[in-house]
$ cat entry-v2.tsv   # TSV, C-alpha atoms
chain	number	residue	atom	x	y	z
U	245	MET	CA	8.06	9.72	-47.24
U	246	ARG	CA	11.39	8.14	-46.40
U	247	ASN	CA	13.12	11.49	-45.92
U	248	GLU	CA	10.18	12.84	-44.01
U	249	LEU	CA	10.40	9.86	-41.65
U	250	LYS	CA	14.17	10.30	-41.29
U	251	ASN	CA	13.76	13.96	-40.40
U	252	SER	CA	11.05	13.25	-37.85
U	253	VAL	CA	13.07	10.46	-36.22
U	254	ALA	CA	16.09	12.78	-36.13
U	255	TYR	CA	13.96	15.48	-34.49
U	256	ILE	CA	12.78	13.10	-31.75
U	257	ASN	CA	16.30	11.77	-31.29
U	258	ASN	CA	17.79	15.26	-30.94
U	259	LYS	CA	15.09	16.38	-28.59
U	260	VAL	CA	14.77	13.30	-26.35
U	261	GLY	CA	17.54	10.81	-27.16
U	262	LYS	CA	17.20	7.05	-26.87
U	263	LYS	CA	16.69	6.76	-23.14
U	264	THR	CA	13.24	5.96	-21.83
U	265	GLY	CA	13.69	7.29	-18.30
U	266	PHE	CA	12.56	4.02	-16.76
U	267	SER	CA	14.67	2.43	-14.06
U	268	ALA	CA	14.51	-0.88	-12.21
U	269	PRO	CA	15.18	-1.38	-8.48
U	270	ALA	CA	18.80	-2.09	-7.51
U	271	ASN	CA	19.69	-5.83	-7.67
U	272	TYR	CA	16.33	-6.62	-9.29
U	273	PHE	CA	17.94	-8.68	-12.07
U	274	ASP	CA	20.24	-10.57	-9.65
U	275	THR	CA	17.39	-12.39	-7.93
U	276	LEU	CA	15.12	-12.92	-10.92
U	277	GLU	CA	16.27	-16.49	-11.71
U	278	ASN	CA	15.50	-17.56	-8.13
U	279	SER	CA	12.03	-15.98	-8.20
U	280	ILE	CA	11.07	-17.74	-11.42
U	281	GLU	CA	12.59	-21.06	-10.41
U	282	SER	CA	10.67	-20.97	-7.11
U	283	ILE	CA	7.39	-20.46	-9.02
U	284	LEU	CA	8.18	-23.52	-11.13
U	285	ALA	CA	9.28	-25.53	-8.09
U	286	GLU	CA	5.96	-24.82	-6.35
U	287	GLU	CA	4.15	-26.52	-9.22
U	288	LYS	CA	6.03	-29.73	-8.54
U	289	PHE	CA	4.80	-29.93	-4.94
U	290	ALA	CA	2.01	-32.38	-4.35
U	291	LYS	CA	-1.32	-30.61	-4.44
U	292	ASP	CA	-2.89	-33.14	-2.03
U	293	SER	CA	-2.67	-31.77	1.51
U	294	GLY	CA	-3.31	-35.17	3.11
U	295	PHE	CA	-6.42	-34.00	5.02
U	296	LYS	CA	-9.49	-36.19	4.74
U	297	ILE	CA	-13.17	-35.37	5.35
U	298	PRO	CA	-16.01	-37.59	6.62
U	299	LYS	CA	-18.07	-39.36	3.97
U	300	ASN	CA	-20.98	-37.25	2.62
U	301	TYR	CA	-19.71	-34.18	4.54
U	302	PHE	CA	-20.32	-31.79	1.66
U	303	ASP	CA	-23.66	-33.41	0.74
U	304	ASP	CA	-25.11	-32.62	4.16
U	305	LEU	CA	-23.38	-29.28	4.65
U	306	GLU	CA	-26.15	-27.05	3.23
U	307	ASN	CA	-28.83	-28.75	5.29
U	308	ASN	CA	-26.75	-28.57	8.48
U	309	ILE	CA	-26.08	-24.86	8.05
U	310	LEU	CA	-29.69	-24.05	7.17
U	311	ALA	CA	-30.92	-26.03	10.20
U	312	LYS	CA	-28.55	-24.10	12.44
U	313	ILE	CA	-29.70	-20.76	11.05
U	314	SER	CA	-33.42	-21.55	11.44
U	315	SER	CA	-32.99	-22.71	15.07
U	316	GLU	CA	-31.05	-19.49	15.85
U	317	GLU	CA	-33.81	-17.42	14.28
U	318	LYS	CA	-36.39	-19.02	16.62
U	319	GLU	CA	-34.32	-18.25	19.67
U	320	THR	CA	-33.73	-14.67	18.74
U	321	LYS	CA	-35.40	-12.35	21.25
U	322	ILE	CA	-37.31	-9.53	19.64
U	323	ILE	CA	-36.78	-6.17	21.28
U	324	SER	CA	-39.29	-3.55	20.24
U	325	PHE	CA	-38.26	-0.04	19.30
U	326	LYS	CA	-40.15	1.32	22.32
U	327	GLU	CA	-38.20	-0.89	24.72
U	328	ARG	CA	-34.97	0.20	23.14
U	329	VAL	CA	-35.85	3.88	23.56
U	330	PHE	CA	-36.81	3.33	27.23
U	331	LYS	CA	-33.49	1.60	27.84
U	332	LEU	CA	-31.65	4.56	26.39
U	333	ILE	CA	-33.39	7.20	28.58
U	334	PRO	CA	-31.28	6.72	31.79
U	335	ILE	CA	-28.08	6.66	29.72
U	336	ALA	CA	-29.09	9.82	27.89
U	337	ALA	CA	-30.01	11.54	31.18
U	338	ALA	CA	-26.68	10.61	32.78
U	339	ALA	CA	-24.80	11.72	29.69
U	340	SER	CA	-26.56	15.12	29.64
U	341	ILE	CA	-25.72	15.74	33.34
U	342	VAL	CA	-22.08	14.89	32.75
U	343	LEU	CA	-22.09	17.12	29.69
U	344	PHE	CA	-23.72	19.98	31.62
U	345	ILE	CA	-21.14	19.80	34.43
U	346	GLY	CA	-18.33	19.46	31.94
U	347	LEU	CA	-19.52	22.42	29.91
U	348	ASN	CA	-19.95	24.52	33.05
U	349	SER	CA	-16.40	23.93	34.14
U	350	PHE	CA	-15.05	24.61	30.64
U	351	VAL	CA	-17.30	27.32	29.28
U	352	PHE	CA	-18.49	29.27	32.30
U	353	ASN	CA	-15.42	29.04	34.50
U	354	THR	CA	-13.73	31.98	32.88
U	355	SER	CA	-13.19	34.30	35.87
U	356	ASP	CA	-9.79	35.99	36.06
U	357	GLU	CA	-9.45	35.47	39.81
U	358	LEU	CA	-5.89	34.60	40.81
U	359	THR	CA	-5.30	31.34	42.66
U	360	MET	CA	-2.13	29.45	43.50
U	361	ASP	CA	-2.98	26.98	40.74
U	362	SER	CA	-3.18	29.70	38.13
U	363	LEU	CA	0.39	30.76	38.87
U	364	SER	CA	3.22	28.98	37.14
U	365	ASN	CA	6.18	27.66	39.13
U	366	ASN	CA	8.42	30.15	37.34
U	367	ASP	CA	6.27	33.07	38.54
U	368	ILE	CA	6.43	31.87	42.15
U	369	GLU	CA	10.19	31.31	42.01
U	370	TYR	CA	10.67	34.75	40.50
U	371	TRP	CA	8.60	36.36	43.27
U	372	LEU	CA	10.52	34.50	46.00
U	373	ASP	CA	13.84	35.55	44.47
U	374	SER	CA	12.88	39.22	44.19
U	375	ASN	CA	11.15	39.56	47.60
U	376	THR	CA	12.92	38.73	50.86
U	377	PHE	CA	10.70	38.09	53.82
U	378	HIS	CA	11.49	37.52	57.49
U	379	SER	CA	10.15	35.20	60.12
U	380	THR	CA	8.38	38.23	61.62
U	381	ASP	CA	6.28	38.45	58.49
U	382	LEU	CA	5.17	34.90	59.13
U	383	THR	CA	4.37	35.51	62.81
U	384	THR	CA	2.27	38.57	62.01
U	385	GLU	CA	0.51	36.60	59.33
U	386	TYR	CA	-0.34	33.71	61.67
U	387	GLU	CA	-0.65	35.56	65.02
U	388	ASP	CA	-4.40	35.23	65.21
U	389	ASP	CA	-4.42	31.60	64.30
U	390	ILE	CA	-1.95	30.27	66.86
U	391	LEU	CA	-3.53	27.73	69.17
U	392	GLU	CA	-3.54	28.43	72.92
U	393	GLU	CA	-2.83	25.77	75.55
U	394	ASN	CA	-6.34	26.33	76.93
U	395	ASP	CA	-7.77	24.98	73.72
U	396	PHE	CA	-6.84	21.50	74.90
U	397	LEU	CA	-8.36	21.74	78.41
U	398	PHE	CA	-11.41	19.59	79.22
U	399	THR	CA	-13.21	22.53	80.78
U	400	ASP	CA	-14.73	23.34	77.44
U	401	ILE	CA	-16.04	19.84	76.90
U	402	LYS	CA	-19.42	19.17	78.38
U	403	ASP	CA	-19.93	16.23	80.74
U	404	GLU	CA	-22.70	14.78	78.57
U	405	SER	CA	-20.34	14.61	75.62
U	406	ILE	CA	-17.79	12.68	77.66
U	407	GLU	CA	-20.48	10.28	78.90
U	408	ASP	CA	-21.76	9.78	75.36
U	409	TYR	CA	-18.26	9.00	74.21
U	410	ILE	CA	-17.67	6.47	77.01
U	411	ASN	CA	-21.01	4.81	76.26
U	412	SER	CA	-20.21	4.56	72.61
U	413	ILE	CA	-16.86	2.77	72.94
U	414	ASP	CA	-16.35	-0.91	73.57
U	415	ASN	CA	-16.20	-1.43	77.40
U	416	SER	CA	-14.31	-4.67	77.25
U	417	SER	CA	-11.27	-3.07	75.65
U	418	LEU	CA	-11.39	-0.33	78.28
U	419	LEU	CA	-11.53	-2.89	81.11
U	420	ASN	CA	-8.66	-4.82	79.56
U	421	GLU	CA	-6.70	-1.63	79.46
U	422	LEU	CA	-7.40	-0.98	83.20
U	423	ASN	CA	-6.46	-4.52	84.19
J	26	MET	CA	26.93	-16.94	-24.38
J	27	ILE	CA	25.35	-20.18	-25.51
J	28	ASP	CA	23.94	-20.20	-29.09
J	29	GLU	CA	20.22	-20.48	-29.70
J	30	ILE	CA	20.17	-23.90	-31.36
J	31	THR	CA	22.14	-25.57	-28.53
J	32	LEU	CA	19.99	-23.83	-25.96
J	33	VAL	CA	16.78	-25.06	-27.58
J	34	GLN	CA	18.14	-28.63	-27.73
J	35	GLN	CA	19.03	-28.51	-24.03
J	36	LEU	CA	15.66	-26.98	-23.14
J	37	GLN	CA	13.82	-29.76	-24.93
J	38	ASN	CA	15.83	-32.49	-23.24
J	39	ASN	CA	14.49	-33.51	-19.81
J	40	LYS	CA	17.95	-34.09	-18.37
J	41	THR	CA	19.35	-30.69	-19.26
J	42	ARG	CA	16.13	-28.65	-19.15
J	43	ASP	CA	16.40	-27.07	-15.69
J	44	LYS	CA	19.98	-25.97	-16.11
J	45	ALA	CA	19.36	-24.66	-19.64
J	46	PHE	CA	16.33	-22.75	-18.39
J	47	GLY	CA	18.48	-20.94	-15.84
J	48	ILE	CA	20.93	-20.01	-18.58
J	49	MET	CA	18.10	-18.82	-20.80
J	50	ILE	CA	16.69	-16.52	-18.09
J	51	THR	CA	20.13	-15.02	-17.46
J	52	GLN	CA	20.63	-14.49	-21.19
J	53	TYR	CA	17.29	-12.86	-21.99
J	54	LYS	CA	15.94	-11.37	-18.74
J	55	LYS	CA	17.06	-7.79	-19.31
J	56	ARG	CA	15.99	-7.55	-22.93
J	57	LEU	CA	12.57	-9.03	-22.18
J	58	TYR	CA	12.13	-6.92	-19.04
J	59	TRP	CA	12.72	-3.64	-20.88
J	60	HIS	CA	10.48	-4.74	-23.74
J	61	ILE	CA	7.66	-5.49	-21.26
J	62	ARG	CA	8.33	-2.40	-19.16
J	63	LYS	CA	7.78	-0.09	-22.15
J	64	ILE	CA	4.35	-1.61	-22.63
J	65	VAL	CA	3.12	-1.82	-19.03
J	66	LEU	CA	5.17	1.19	-17.78
J	67	VAL	CA	5.13	0.28	-14.07
J	68	HIS	CA	7.96	-1.81	-12.60
J	69	ASP	CA	5.83	-4.09	-10.41
J	70	ASP	CA	3.58	-4.91	-13.34
J	71	ALA	CA	6.60	-5.54	-15.57
J	72	ASP	CA	7.99	-7.90	-12.93
J	73	ASP	CA	4.71	-9.86	-12.81
J	74	VAL	CA	4.49	-10.08	-16.58
J	75	LEU	CA	8.16	-11.07	-16.95
J	76	GLN	CA	7.81	-13.91	-14.47
J	77	ASN	CA	4.62	-15.13	-16.16
J	78	THR	CA	6.41	-14.95	-19.50
J	79	PHE	CA	9.28	-17.16	-18.38
J	80	VAL	CA	6.90	-19.64	-16.73
J	81	LYS	CA	4.92	-19.82	-19.97
J	82	ILE	CA	8.11	-20.29	-21.99
J	83	PHE	CA	9.14	-23.15	-19.70
J	84	ARG	CA	5.77	-24.87	-19.96
J	85	ASN	CA	5.59	-24.53	-23.73
J	86	ILE	CA	9.18	-25.11	-24.74
J	87	ASP	CA	8.28	-28.50	-26.20
J	88	LYS	CA	5.88	-26.78	-28.59
J	89	PHE	CA	8.61	-24.52	-29.93
J	90	ASN	CA	9.15	-25.87	-33.42
J	91	GLY	CA	12.11	-23.77	-34.53
J	92	GLU	CA	10.19	-22.07	-37.35
J	93	SER	CA	11.07	-18.71	-35.92
J	94	LYS	CA	14.03	-17.75	-33.81
J	95	LEU	CA	13.85	-18.60	-30.11
J	96	TYR	CA	14.22	-14.97	-29.20
J	97	SER	CA	11.38	-13.90	-31.55
J	98	TRP	CA	9.19	-16.60	-30.02
J	99	MET	CA	9.99	-15.37	-26.49
J	100	TYR	CA	9.37	-11.75	-27.50
J	101	ARG	CA	6.00	-12.78	-28.91
J	102	ILE	CA	5.04	-14.47	-25.65
J	103	ALA	CA	6.24	-11.43	-23.66
J	104	THR	CA	4.27	-9.06	-25.93
J	105	ASN	CA	1.09	-11.14	-25.70
J	106	GLU	CA	1.42	-11.44	-21.92
J	107	SER	CA	1.89	-7.67	-21.63
J	108	ILE	CA	-1.13	-6.88	-23.81
J	109	THR	CA	-3.28	-9.43	-21.94
J	110	PHE	CA	-2.18	-7.81	-18.68
J	111	ILE	CA	-3.02	-4.28	-19.90
J	112	ASN	CA	-6.42	-5.40	-21.19
J	113	LYS	CA	-7.21	-7.10	-17.91
J	114	ARG	CA	-6.24	-4.02	-15.90
J	115	ALA	CA	-8.29	-1.71	-18.14
J	116	LYS	CA	-11.28	-4.03	-17.74
J	117	GLU	CA	-10.89	-4.07	-13.95
J	118	ARG	CA	-10.91	-0.28	-13.91
J	119	ASN	CA	-13.75	-0.16	-16.37
J	120	VAL	CA	-11.91	2.06	-18.88
J	121	ASP	CA	-10.86	1.42	-22.46
J	122	ILE	CA	-7.23	0.63	-23.25
J	123	ALA	CA	-6.45	4.07	-24.68
J	124	ASP	CA	-7.68	5.77	-21.48
J	125	TYR	CA	-5.79	3.26	-19.35
J	126	HIS	CA	-2.53	4.07	-21.21
J	127	GLU	CA	-3.05	7.78	-20.69
J	128	GLN	CA	-3.90	7.34	-17.00
J	129	LEU	CA	-0.81	5.22	-16.55
J	130	SER	CA	1.53	7.68	-18.25
J	131	SER	CA	0.20	10.50	-16.07
J	132	THR	CA	1.32	8.61	-12.95
J	133	LEU	CA	4.93	8.39	-14.16
J	134	GLU	CA	5.88	11.72	-12.56
J	135	SER	CA	5.34	10.23	-9.11
J	136	ASP	CA	6.78	6.79	-9.95
J	137	VAL	CA	9.96	6.14	-7.94
J	138	HIS	CA	11.21	3.95	-10.77
J	139	PHE	CA	10.89	6.64	-13.38
J	140	SER	CA	13.95	8.84	-13.35
J	141	GLY	CA	13.46	10.49	-16.72
J	142	ASP	CA	13.58	14.24	-17.24
J	143	GLU	CA	10.73	16.42	-18.48
J	144	ILE	CA	11.27	15.70	-22.17
J	145	GLN	CA	11.46	11.94	-21.58
J	146	LEU	CA	8.17	12.19	-19.71
J	147	ILE	CA	6.65	14.10	-22.64
J	148	LEU	CA	7.80	11.32	-25.00
J	149	GLN	CA	6.17	8.65	-22.82
J	150	LYS	CA	2.95	10.67	-22.73
J	151	ALA	CA	3.13	11.02	-26.51
J	152	ILE	CA	3.55	7.25	-26.93
J	153	ALA	CA	0.56	6.69	-24.62
J	154	THR	CA	-1.67	8.58	-27.08
J	155	LEU	CA	-0.91	6.11	-29.90
J	156	PRO	CA	-2.97	3.03	-30.79
J	157	GLN	CA	-1.50	-0.09	-29.20
J	158	LYS	CA	0.05	-1.53	-32.38
J	159	GLN	CA	1.79	1.77	-33.15
J	160	GLN	CA	3.11	1.90	-29.59
J	161	LEU	CA	4.62	-1.55	-29.94
J	162	VAL	CA	6.20	-0.80	-33.31
J	163	PHE	CA	7.58	2.55	-32.15
J	164	ASN	CA	9.14	1.07	-29.00
J	165	MET	CA	10.67	-1.85	-30.85
J	166	LYS	CA	12.00	0.21	-33.72
J	167	TYR	CA	13.04	3.44	-31.98
J	168	PHE	CA	14.27	2.26	-28.57
J	169	GLU	CA	15.12	-1.41	-29.10
J	170	GLU	CA	16.37	-0.78	-32.65
J	171	LEU	CA	15.01	-4.08	-33.97
J	172	LYS	CA	14.86	-4.62	-37.71
J	173	TYR	CA	11.51	-4.69	-39.51
J	174	ASP	CA	11.83	-8.41	-40.31
J	175	GLN	CA	12.47	-9.16	-36.62
J	176	ILE	CA	9.46	-7.09	-35.56
J	177	SER	CA	7.45	-8.77	-38.29
J	178	GLU	CA	8.30	-12.18	-36.85
J	179	ILE	CA	7.43	-11.12	-33.31
J	180	LEU	CA	4.18	-9.33	-34.07
J	181	GLU	CA	3.25	-11.56	-37.00
J	182	THR	CA	2.55	-8.52	-39.15
J	183	SER	CA	3.83	-7.75	-42.66
J	184	VAL	CA	6.84	-5.47	-43.00
J	185	GLY	CA	4.81	-3.07	-45.15
J	186	ALA	CA	2.16	-2.67	-42.45
J	187	LEU	CA	4.88	-2.16	-39.82
J	188	LYS	CA	6.53	0.58	-41.88
J	189	ALA	CA	3.22	2.40	-42.19
J	190	SER	CA	2.58	2.03	-38.43
J	191	TYR	CA	6.03	3.35	-37.59
J	192	PHE	CA	5.63	6.32	-39.94
J	193	HIS	CA	2.29	7.32	-38.36
J	194	ALA	CA	3.67	6.82	-34.86
J	195	VAL	CA	6.73	8.98	-35.50
J	196	LYS	CA	4.70	11.80	-37.09
J	197	LYS	CA	2.21	11.88	-34.21
J	198	ILE	CA	4.96	11.86	-31.60
J	199	GLU	CA	6.87	14.63	-33.36
J	200	LYS	CA	3.71	16.75	-33.45
J	201	TYR	CA	2.95	16.04	-29.78
J	202	ILE	CA	6.47	17.00	-28.68
J	203	LYS	CA	6.33	20.22	-30.76
J	204	THR	CA	3.04	21.30	-29.22
J	205	GLN	CA	4.34	20.57	-25.71
J	206	THR	CA	7.72	22.25	-26.05
J	207	ASP	CA	7.60	25.01	-28.69
$ encode --input "entry-v2.tsv" --output "structure tokens"
Amino acid sequence: MRNELKNSVAYINNKVGKKTGFSAPANYFDTLENSIESILAEEKFAKDSGFKIPKNYFDDLENNILAKISSEEKETKIISFKERVFKLIPIAAAASIVLFIGLNSFVFNTSDELTMDSLSNNDIEYWLDSNTFHSTDLTTEYEDDILEENDFLFTDIKDESIEDYINSIDNSSLLNELN
Amino acid sequence: MIDEITLVQQLQNNKTRDKAFGIMITQYKKRLYWHIRKIVLVHDDADDVLQNTFVKIFRNIDKFNGESKLYSWMYRIATNESITFINKRAKERNVDIADYHEQLSSTLESDVHFSGDEIQLILQKAIATLPQKQQLVFNMKYFEELKYDQISEILETSVGALKASYFHAVKKIEKYIKTQTD
């Protein structure tokens, strides 16, 4: 048995050695004395905090709390399930409209139509770099839209409109202006 | 290093107690830590148990009657504290102690304070399969290299019973390692 034990111990020793593999955090042992001494020091502190309570405070505590609870229970307003459901209807309706609009814009707005917003800045810059255009291009583009001087003449405005306007404004400010 | 008899005298004297206690912690902290660590496996738990052990030693130093060596007496307190801790933890998790040991050893791979290699991990797992008494005897004899009469004093068990425990522990561990590695 002795030899058998020796052989087995030798096997374990050869295979594993005498190290456990456990390690402790760095500097753990350096601060241990302080940790233990502070635990012992705490015990020496006075346990009495110095706070005092009114006489019979704890004797009446249960009754005071129970009285408070029962008075709160009486005051509690009972809302029936029906009332609660009715209150929720407008909220639910509003939420479903918002959801519908939201879904429409996300799910159904899938057309491939090109807009300025759908173009990235890089695309626009690239186009401007690769295509030169002249002021004539701009004039042809806007020729039809240019405003004529005649557009500002009062001939087109009806007399009734002018009278309506004069009637609608504050006369006193107009008189002040004339004075 | 102050000798045991002087240390005990200083510890039992009110005037010199605090200073002697500091010396005692410095002198025994590492040995007790590693003894506890092998039982509870996790560093934070070992730290808790070690601190409790020293606090208990301080509170009970007047009861130390010198029948055994101071260091055996401290080892006994450390061992009892460790076992109480393990039992409490197992109870909290609602598992028996054997299962708790096995669960604990399976967490070693991810423990930042376990730097052992694969074979060292296998050895720890093998130890975790042993009954608690065999674990204690194996750790104290194989790793700490204590003599049977020292272990006998600490665990309050006869030398004959310890020899039998150690033999069974070694055979089981050898078998476990063989099945895991061969």
$ closest_atom_pairs --input "entry-v2.tsv" --of "chain U" --to "chain J" --cutoff "12 Å" --atoms "only C-alpha atoms" --output "tab-separated table"
residue	atom	partner	partner_atom	distance
U:Met245	CA	J:Phe192	CA	8.4
U:Arg246	CA	J:Phe192	CA	8.8
U:Asn247	CA	J:Phe192	CA	10.9
U:Glu248	CA	J:Lys196	CA	8.9
U:Leu249	CA	J:Phe192	CA	6.2
U:Lys250	CA	J:Phe192	CA	9.5
U:Asn251	CA	J:Glu199	CA	9.9
U:Ser252	CA	J:Glu199	CA	6.3
U:Val253	CA	J:Val195	CA	6.6
U:Ala254	CA	J:Glu199	CA	9.8
U:Tyr255	CA	J:Glu199	CA	7.2
U:Ile256	CA	J:Glu199	CA	6.3
U:Asn257	CA	J:Tyr167	CA	9.0
U:Asn258	CA	J:Ile144	CA	10.9
U:Lys259	CA	J:Ile144	CA	7.5
U:Val260	CA	J:Ile144	CA	6.0
U:Gly261	CA	J:Gln145	CA	8.3
U:Lys262	CA	J:Phe168	CA	5.9
U:Lys263	CA	J:Phe168	CA	7.5
U:Thr264	CA	J:Gln145	CA	6.2
U:Gly265	CA	J:Gly141	CA	3.6
U:Phe266	CA	J:Phe139	CA	4.6
U:Ser267	CA	J:His138	CA	5.0
U:Ala268	CA	J:His138	CA	6.0
U:Pro269	CA	J:His138	CA	7.0
U:Ala270	CA	J:His138	CA	10.2
U:Tyr272	CA	J:Asp72	CA	9.2
U:Phe273	CA	J:Lys55	CA	7.3
U:Asp274	CA	J:Thr51	CA	9.0
U:Thr275	CA	J:Thr51	CA	10.3
U:Leu276	CA	J:Lys54	CA	8.0
U:Glu277	CA	J:Ile50	CA	6.4
U:Asn278	CA	J:Gly47	CA	8.9
U:Ser279	CA	J:Gln76	CA	7.8
U:Ile280	CA	J:Gln76	CA	5.9
U:Glu281	CA	J:Gly47	CA	8.0
U:Ser282	CA	J:Val80	CA	10.4
U:Ile283	CA	J:Val80	CA	7.8
U:Leu284	CA	J:Val80	CA	6.9
U:Ala285	CA	J:Asp43	CA	10.5
U:Glu286	CA	J:Val80	CA	11.6
U:Glu287	CA	J:Val80	CA	10.5
$ residues_near_point --input "entry-v2.tsv" --point "(10.3, -15.8, -36.0)" --cutoff "10 Å" --atoms "only C-alpha atoms" --output "VMD selection string"
chain J and resid 91 to 101 174 to 181
$ write_last_selection --input "entry-v2.tsv" --atoms "C-alpha atoms" --output "tab-separated table (two decimals), keeping the file's coordinate frame"
chain	number	residue	atom	x	y	z
J	91	GLY	CA	12.11	-23.77	-34.53
J	92	GLU	CA	10.19	-22.07	-37.35
J	93	SER	CA	11.07	-18.71	-35.92
J	94	LYS	CA	14.03	-17.75	-33.81
J	95	LEU	CA	13.85	-18.60	-30.11
J	96	TYR	CA	14.22	-14.97	-29.20
J	97	SER	CA	11.38	-13.90	-31.55
J	98	TRP	CA	9.19	-16.60	-30.02
J	99	MET	CA	9.99	-15.37	-26.49
J	100	TYR	CA	9.37	-11.75	-27.50
J	101	ARG	CA	6.00	-12.78	-28.91
J	174	ASP	CA	11.83	-8.41	-40.31
J	175	GLN	CA	12.47	-9.16	-36.62
J	176	ILE	CA	9.46	-7.09	-35.56
J	177	SER	CA	7.45	-8.77	-38.29
J	178	GLU	CA	8.30	-12.18	-36.85
J	179	ILE	CA	7.43	-11.12	-33.31
J	180	LEU	CA	4.18	-9.33	-34.07
J	181	GLU	CA	3.25	-11.56	-37.00
$ atom_distance --input "entry-v2.tsv" --atom1 "CA of His126 (chain J)" --atom2 "CA of Phe163 (chain J)"
15.0 Å
$ closest_residue --input "entry-v2.tsv" --among "J:Ala194, J:Met26, J:Val120, J:Val74" --to "Gln159 (chain J)" --atoms "only C-alpha atoms"
J:Ala194
$ atom_distance --input "entry-v2.tsv" --atom1 "CA of Asn90 (chain J)" --atom2 "CA of Phe289 (chain U)"
29.1 Å
$ atom_distance --input "entry-v2.tsv" --atom1 "CA of Lys113 (chain J)" --atom2 "CA of Pro156 (chain J)"
16.9 Å
$ axis_aligned_box --input "entry-v2.tsv" --around "region 164-176 of chain J" --padding-each-side "8 Å" --output "lines of an AutoDock Vina configuration file"
center_x = 12.8
center_y = -2.9
center_z = -34.4
size_x = 23.2
size_y = 28.6
size_z = 27.7
